[in-house]
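Visitor: Questions regarding the structure given below will be posed in turn.
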Amino acid sequence: MNKVGYIQFKPILGDQNANIMQIEKLLGKALGSELIVFPELANSGYNFASRNDAVMYSEEISKSIFVEFLVSSAKKYNTNIVCGVNERVGEKLFNTTVLVGPNGYIGKYQKIHLFLNEKDIFETGSVGLPVFDIGFCKTSMLICFDYLFPEVWRIVGMNGADIVCHPSNLITTNAQKCVPAQAFMNKMFVITANRYGTESDITFSGNSFITNPDAIIIDKASPDSDAVYIIDIDIAEARNKMVTSRNHVFNDRKPDVYLGLT
Ligand code: ACM
């Protein structure tokens with residue numbers, strides 16, 4: 001068995017130092033975890049008044065105080081951490097998640113499916129859909145609204161992801177309808193780490209949850225408070241891709257029929 005989980009909290013818009021302090025406090029309650037997932041844009045908050053504000057609250061990964069803090073925390077607690085970061089690359093911004101582990105920075109994912117006003121701020125992700133081997137499992141990252149697009153779940157599933165880390169700033173509860181289906185259709189675990197709180201006209205929906213490969217939601221947080229959930233999972237459940245004695249979720253596909261998709 002392996003211990004994985006999420007931390008739900010309320011990032012403060014534009015106050016990275018406060019967010020670091022909050023994360024540090026909550027991480028101290030997640031002792032023993034091997035993979036812990038935080039919400040989307042956890043360094044900066046979400047509902048920027050302007051693109052200029054978003055730029056002001058962004059960092060380059062290679063010089064990021066926030067990522068450096070995550071790296072030292074992963075080392076300190078001997079764990080892997082996935083966390084949302086407002087990333088600047090030259091003049092461009094990306095809604096990014098980083099994966100760091102006890103030995104340092106591992107990699108990143110940049111959100112592909114941008115939601116509402118994110119389209120005025122961020123570029124479409126340009127690093128594809130990487131899957132990372134972190135020893136006890138293979139993991140990938142999708143961000144919030146990516147939940148609506150089965151294609152990306154299939155790709156990371158077929159590339160070996162046992163666990164999809166899903167940092168989010170959800171507003172609706174539609175992800176609770178879609179994510180269990182994606183988990184089942186690809187036989188993977190999904191850790192959806194949402195935030196709560198209000199930023200001007202947006203209220204985030206909390207209710208972070210972990211879904212198992214049978215589409216069962218096995219842990220769910222409250223809509224409006226901090227939460228630290230760590231559970232034991234059996235990765236073998238994500239490596240059995242059979243749904244009946246004669247049906248395999250990947251091998252039974254009929255790609256020739258799907259050519260019209262692209
Ligand atoms: C979202 O993609 N932050 C809803």
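We name chains A, B, ... following the order of the structure tokens; residues begin at 1 in each chain, and ligands are numbered from 1 as shown.
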What does the list of residues within 6 Å of ligand 1 look like if you count only C-alpha atoms and all ligand atoms, written as a PyMOL selection string?
Guide: chain A and resi 115+144-145+168-171
Visitor: Could you pull out the residues in segment 21-89 of chain A that DSSP calls alpha helix (DSSP H) from the backbone, as a PyMOL selection string?
Guide: chain A and resi 21-27+51-56+65-77
Visitor: Could the residues in this selection be written to a file with N, CA and C atoms, as a PDB file, in the first residue's frame?
Guide:
ATOM      1  N   MET A  21       3.404  30.199   3.654  1.00  0.00           N
ATOM      2  CA  MET A  21       3.240  29.937   5.088  1.00  0.00           C
ATOM      3  C   MET A  21       2.085  28.967   5.347  1.00  0.00           C
ATOM      4  N   GLN A  22       1.007  29.156   4.584  1.00  0.00           N
ATOM      5  CA  GLN A  22      -0.169  28.297   4.745  1.00  0.00           C
ATOM      6  C   GLN A  22       0.147  26.853   4.321  1.00  0.00           C
ATOM      7  N   ILE A  23       0.835  26.727   3.186  1.00  0.00           N
ATOM      8  CA  ILE A  23       1.206  25.393   2.690  1.00  0.00           C
ATOM      9  C   ILE A  23       2.133  24.699   3.687  1.00  0.00           C
ATOM     10  N   GLU A  24       3.083  25.464   4.219  1.00  0.00           N
ATOM     11  CA  GLU A  24       4.043  24.896   5.169  1.00  0.00           C
ATOM     12  C   GLU A  24       3.314  24.343   6.396  1.00  0.00           C
ATOM     13  N   LYS A  25       2.356  25.129   6.879  1.00  0.00           N
ATOM     14  CA  LYS A  25       1.595  24.714   8.067  1.00  0.00           C
ATOM     15  C   LYS A  25       0.810  23.413   7.786  1.00  0.00           C
ATOM     16  N   LEU A  26       0.147  23.362   6.623  1.00  0.00           N
ATOM     17  CA  LEU A  26      -0.705  22.202   6.309  1.00  0.00           C
ATOM     18  C   LEU A  26       0.125  20.967   5.979  1.00  0.00           C
ATOM     19  N   LEU A  27       1.282  21.175   5.334  1.00  0.00           N
ATOM     20  CA  LEU A  27       2.143  20.022   4.998  1.00  0.00           C
ATOM     21  C   LEU A  27       2.596  19.286   6.250  1.00  0.00           C
ATOM     22  N   ARG A  51      -4.405  41.175 -16.716  1.00  0.00           N
ATOM     23  CA  ARG A  51      -3.264  40.333 -17.090  1.00  0.00           C
ATOM     24  C   ARG A  51      -1.985  40.863 -16.436  1.00  0.00           C
ATOM     25  N   ASN A  52      -1.902  42.194 -16.305  1.00  0.00           N
ATOM     26  CA  ASN A  52      -0.722  42.775 -15.644  1.00  0.00           C
ATOM     27  C   ASN A  52      -0.554  42.236 -14.225  1.00  0.00           C
ATOM     28  N   ASP A  53      -1.677  42.117 -13.508  1.00  0.00           N
ATOM     29  CA  ASP A  53      -1.606  41.548 -12.152  1.00  0.00           C
ATOM     30  C   ASP A  53      -1.112  40.105 -12.210  1.00  0.00           C
ATOM     31  N   ALA A  54      -1.630  39.367 -13.180  1.00  0.00           N
ATOM     32  CA  ALA A  54      -1.208  37.966 -13.309  1.00  0.00           C
ATOM     33  C   ALA A  54       0.301  37.899 -13.558  1.00  0.00           C
ATOM     34  N   VAL A  55       0.820  38.809 -14.379  1.00  0.00           N
ATOM     35  CA  VAL A  55       2.265  38.844 -14.651  1.00  0.00           C
ATOM     36  C   VAL A  55       3.026  39.144 -13.357  1.00  0.00           C
ATOM     37  N   MET A  56       2.507  40.115 -12.600  1.00  0.00           N
ATOM     38  CA  MET A  56       3.162  40.532 -11.360  1.00  0.00           C
ATOM     39  C   MET A  56       3.264  39.367 -10.363  1.00  0.00           C
ATOM     40  N   ILE A  65      10.967  31.302  -6.167  1.00  0.00           N
ATOM     41  CA  ILE A  65      11.053  31.117  -4.707  1.00  0.00           C
ATOM     42  C   ILE A  65      10.045  30.053  -4.267  1.00  0.00           C
ATOM     43  N   PHE A  66       8.886  30.074  -4.928  1.00  0.00           N
ATOM     44  CA  PHE A  66       7.819  29.136  -4.562  1.00  0.00           C
ATOM     45  C   PHE A  66       8.233  27.690  -4.863  1.00  0.00           C
ATOM     46  N   VAL A  67       8.778  27.462  -6.053  1.00  0.00           N
ATOM     47  CA  VAL A  67       9.179  26.095  -6.416  1.00  0.00           C
ATOM     48  C   VAL A  67      10.342  25.642  -5.531  1.00  0.00           C
ATOM     49  N   GLU A  68      11.240  26.568  -5.242  1.00  0.00           N
ATOM     50  CA  GLU A  68      12.357  26.243  -4.344  1.00  0.00           C
ATOM     51  C   GLU A  68      11.831  25.809  -2.970  1.00  0.00           C
ATOM     52  N   PHE A  69      10.788  26.512  -2.504  1.00  0.00           N
ATOM     53  CA  PHE A  69      10.150  26.139  -1.230  1.00  0.00           C
ATOM     54  C   PHE A  69       9.538  24.729  -1.324  1.00  0.00           C
ATOM     55  N   LEU A  70       8.878  24.431  -2.450  1.00  0.00           N
ATOM     56  CA  LEU A  70       8.278  23.097  -2.615  1.00  0.00           C
ATOM     57  C   LEU A  70       9.360  22.017  -2.619  1.00  0.00           C
ATOM     58  N   VAL A  71      10.469  22.310  -3.306  1.00  0.00           N
ATOM     59  CA  VAL A  71      11.569  21.340  -3.371  1.00  0.00           C
ATOM     60  C   VAL A  71      12.109  21.068  -1.971  1.00  0.00           C
ATOM     61  N   SER A  72      12.326  22.136  -1.186  1.00  0.00           N
ATOM     62  CA  SER A  72      12.878  21.905   0.160  1.00  0.00           C
ATOM     63  C   SER A  72      11.859  21.193   1.044  1.00  0.00           C
ATOM     64  N   SER A  73      10.574  21.444   0.823  1.00  0.00           N
ATOM     65  CA  SER A  73       9.543  20.745   1.613  1.00  0.00           C
ATOM     66  C   SER A  73       9.497  19.267   1.260  1.00  0.00           C
ATOM     67  N   ALA A  74       9.614  18.956  -0.043  1.00  0.00           N
ATOM     68  CA  ALA A  74       9.586  17.546  -0.473  1.00  0.00           C
ATOM     69  C   ALA A  74      10.759  16.787   0.145  1.00  0.00           C
ATOM     70  N   LYS A  75      11.898  17.483   0.219  1.00  0.00           N
ATOM     71  CA  LYS A  75      13.083  16.874   0.826  1.00  0.00           C
ATOM     72  C   LYS A  75      12.843  16.663   2.325  1.00  0.00           C
ATOM     73  N   LYS A  76      12.362  17.724   2.979  1.00  0.00           N
ATOM     74  CA  LYS A  76      12.148  17.687   4.430  1.00  0.00           C
ATOM     75  C   LYS A  76      11.185  16.561   4.825  1.00  0.00           C
ATOM     76  N   TYR A  77      10.102  16.403   4.056  1.00  0.00           N
ATOM     77  CA  TYR A  77       9.072  15.413   4.416  1.00  0.00           C
ATOM     78  C   TYR A  77       9.213  14.106   3.640  1.00  0.00           C
TER      79      TYR A  77
END
Visitor: Record the distance separating atom CA of Ile202 of chain A and atom CA of Ile143 of chain A, expressed in Å with one decimal.
Guide: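 The value is 17.8 Å.
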Visitor: May I ask which of the residues A:Gly5, A:Pro213, A:Pro167, A:Gly157 is the closest one to Asn80 of chain A, counting only C-alpha atoms?
Guide: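 Checking each of A:Gly5, A:Pro213, A:Pro167, A:Gly157 against Asn80 of chain A, counting only C-alpha atoms, the winner is A:Gly5.
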Visitor: Taking 6 positions as the minimum chain separation for residues in the same chain, which residues sit within 9 Å of Pro39 of chain A when counting only C-alpha atoms? Answer as a ChimeraX atom specification.
Guide: /A:6-11,82-84,143-144,166-169,192-195
Visitor: I'd like the contact shell of Val164 of chain A - 7 Å cut-off, only C-alpha atoms, skipping same-chain residues fewer than 4 positions apart - returned as a list in words.
Guide: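 Once the adjacent positions are removed, what remains is Thr139, Ser140, Met141, Leu142, Phe189, Val190 and Ile191 of chain A.
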Visitor: Taking all heavy atoms for each residue, export the selection above as a PDB file, in the first residue's frame.
Guide:
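As a result, part13.pdb now contains:
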ATOM      1  N   THR A 139       2.936   8.790 -12.592  1.00  0.00           N
ATOM      2  CA  THR A 139       1.920   9.804 -12.365  1.00  0.00           C
ATOM      3  C   THR A 139       1.973  10.868 -13.451  1.00  0.00           C
ATOM      4  O   THR A 139       3.020  11.121 -14.049  1.00  0.00           O
ATOM      5  CB  THR A 139       2.087  10.435 -10.962  1.00  0.00           C
ATOM      6  OG1 THR A 139       0.971  11.285 -10.695  1.00  0.00           O
ATOM      7  CG2 THR A 139       3.366  11.249 -10.846  1.00  0.00           C
ATOM      8  N   SER A 140       0.815  11.459 -13.691  1.00  0.00           N
ATOM      9  CA  SER A 140       0.749  12.576 -14.631  1.00  0.00           C
ATOM     10  C   SER A 140      -0.094  13.657 -13.991  1.00  0.00           C
ATOM     11  O   SER A 140      -0.676  13.463 -12.917  1.00  0.00           O
ATOM     12  CB  SER A 140       0.132  12.128 -15.957  1.00  0.00           C
ATOM     13  OG  SER A 140      -1.218  11.806 -15.742  1.00  0.00           O
ATOM     14  N   MET A 141      -0.153  14.798 -14.674  1.00  0.00           N
ATOM     15  CA  MET A 141      -0.889  15.932 -14.117  1.00  0.00           C
ATOM     16  C   MET A 141      -1.849  16.471 -15.175  1.00  0.00           C
ATOM     17  O   MET A 141      -1.497  16.607 -16.346  1.00  0.00           O
ATOM     18  CB  MET A 141       0.092  17.034 -13.700  1.00  0.00           C
ATOM     19  CG  MET A 141       1.063  16.592 -12.612  1.00  0.00           C
ATOM     20  SD  MET A 141       2.348  17.811 -12.253  1.00  0.00           S
ATOM     21  CE  MET A 141       3.588  17.385 -13.454  1.00  0.00           C
ATOM     22  N   LEU A 142      -3.072  16.754 -14.749  1.00  0.00           N
ATOM     23  CA  LEU A 142      -4.028  17.511 -15.545  1.00  0.00           C
ATOM     24  C   LEU A 142      -4.530  18.612 -14.624  1.00  0.00           C
ATOM     25  O   LEU A 142      -4.457  18.476 -13.394  1.00  0.00           O
ATOM     26  CB  LEU A 142      -5.183  16.625 -16.024  1.00  0.00           C
ATOM     27  CG  LEU A 142      -4.788  15.501 -16.999  1.00  0.00           C
ATOM     28  CD1 LEU A 142      -5.997  14.608 -17.296  1.00  0.00           C
ATOM     29  CD2 LEU A 142      -4.231  16.071 -18.303  1.00  0.00           C
ATOM     30  N   PHE A 189      -6.206   5.947 -10.588  1.00  0.00           N
ATOM     31  CA  PHE A 189      -6.581   6.792  -9.460  1.00  0.00           C
ATOM     32  C   PHE A 189      -6.502   8.249  -9.905  1.00  0.00           C
ATOM     33  O   PHE A 189      -5.653   8.606 -10.738  1.00  0.00           O
ATOM     34  CB  PHE A 189      -5.618   6.598  -8.285  1.00  0.00           C
ATOM     35  CG  PHE A 189      -5.758   5.267  -7.598  1.00  0.00           C
ATOM     36  CD1 PHE A 189      -4.951   4.191  -7.963  1.00  0.00           C
ATOM     37  CD2 PHE A 189      -6.693   5.080  -6.588  1.00  0.00           C
ATOM     38  CE1 PHE A 189      -5.078   2.956  -7.326  1.00  0.00           C
ATOM     39  CE2 PHE A 189      -6.825   3.853  -5.950  1.00  0.00           C
ATOM     40  CZ  PHE A 189      -6.014   2.798  -6.321  1.00  0.00           C
ATOM     41  N   VAL A 190      -7.361   9.094  -9.337  1.00  0.00           N
ATOM     42  CA  VAL A 190      -7.301  10.532  -9.614  1.00  0.00           C
ATOM     43  C   VAL A 190      -7.378  11.271  -8.277  1.00  0.00           C
ATOM     44  O   VAL A 190      -8.259  10.986  -7.450  1.00  0.00           O
ATOM     45  CB  VAL A 190      -8.468  10.997 -10.512  1.00  0.00           C
ATOM     46  CG1 VAL A 190      -8.316  12.489 -10.826  1.00  0.00           C
ATOM     47  CG2 VAL A 190      -8.530  10.185 -11.806  1.00  0.00           C
ATOM     48  N   ILE A 191      -6.449  12.204  -8.101  1.00  0.00           N
ATOM     49  CA  ILE A 191      -6.469  13.039  -6.884  1.00  0.00           C
ATOM     50  C   ILE A 191      -6.810  14.466  -7.306  1.00  0.00           C
ATOM     51  O   ILE A 191      -5.989  15.157  -7.924  1.00  0.00           O
ATOM     52  CB  ILE A 191      -5.103  13.010  -6.168  1.00  0.00           C
ATOM     53  CG1 ILE A 191      -4.697  11.564  -5.850  1.00  0.00           C
ATOM     54  CG2 ILE A 191      -5.165  13.860  -4.885  1.00  0.00           C
ATOM     55  CD1 ILE A 191      -3.290  11.433  -5.279  1.00  0.00           C
TER      56      ILE A 191
END
Visitor: From the options A:Ile20, A:Ile163, A:Ala221, A:Leu35, which residue's atoms come nearest to Met188 of chain A, counting only C-alpha atoms?
Guide: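 Checking each candidate against Met188 of chain A, we get A:Ile163 as the closest.
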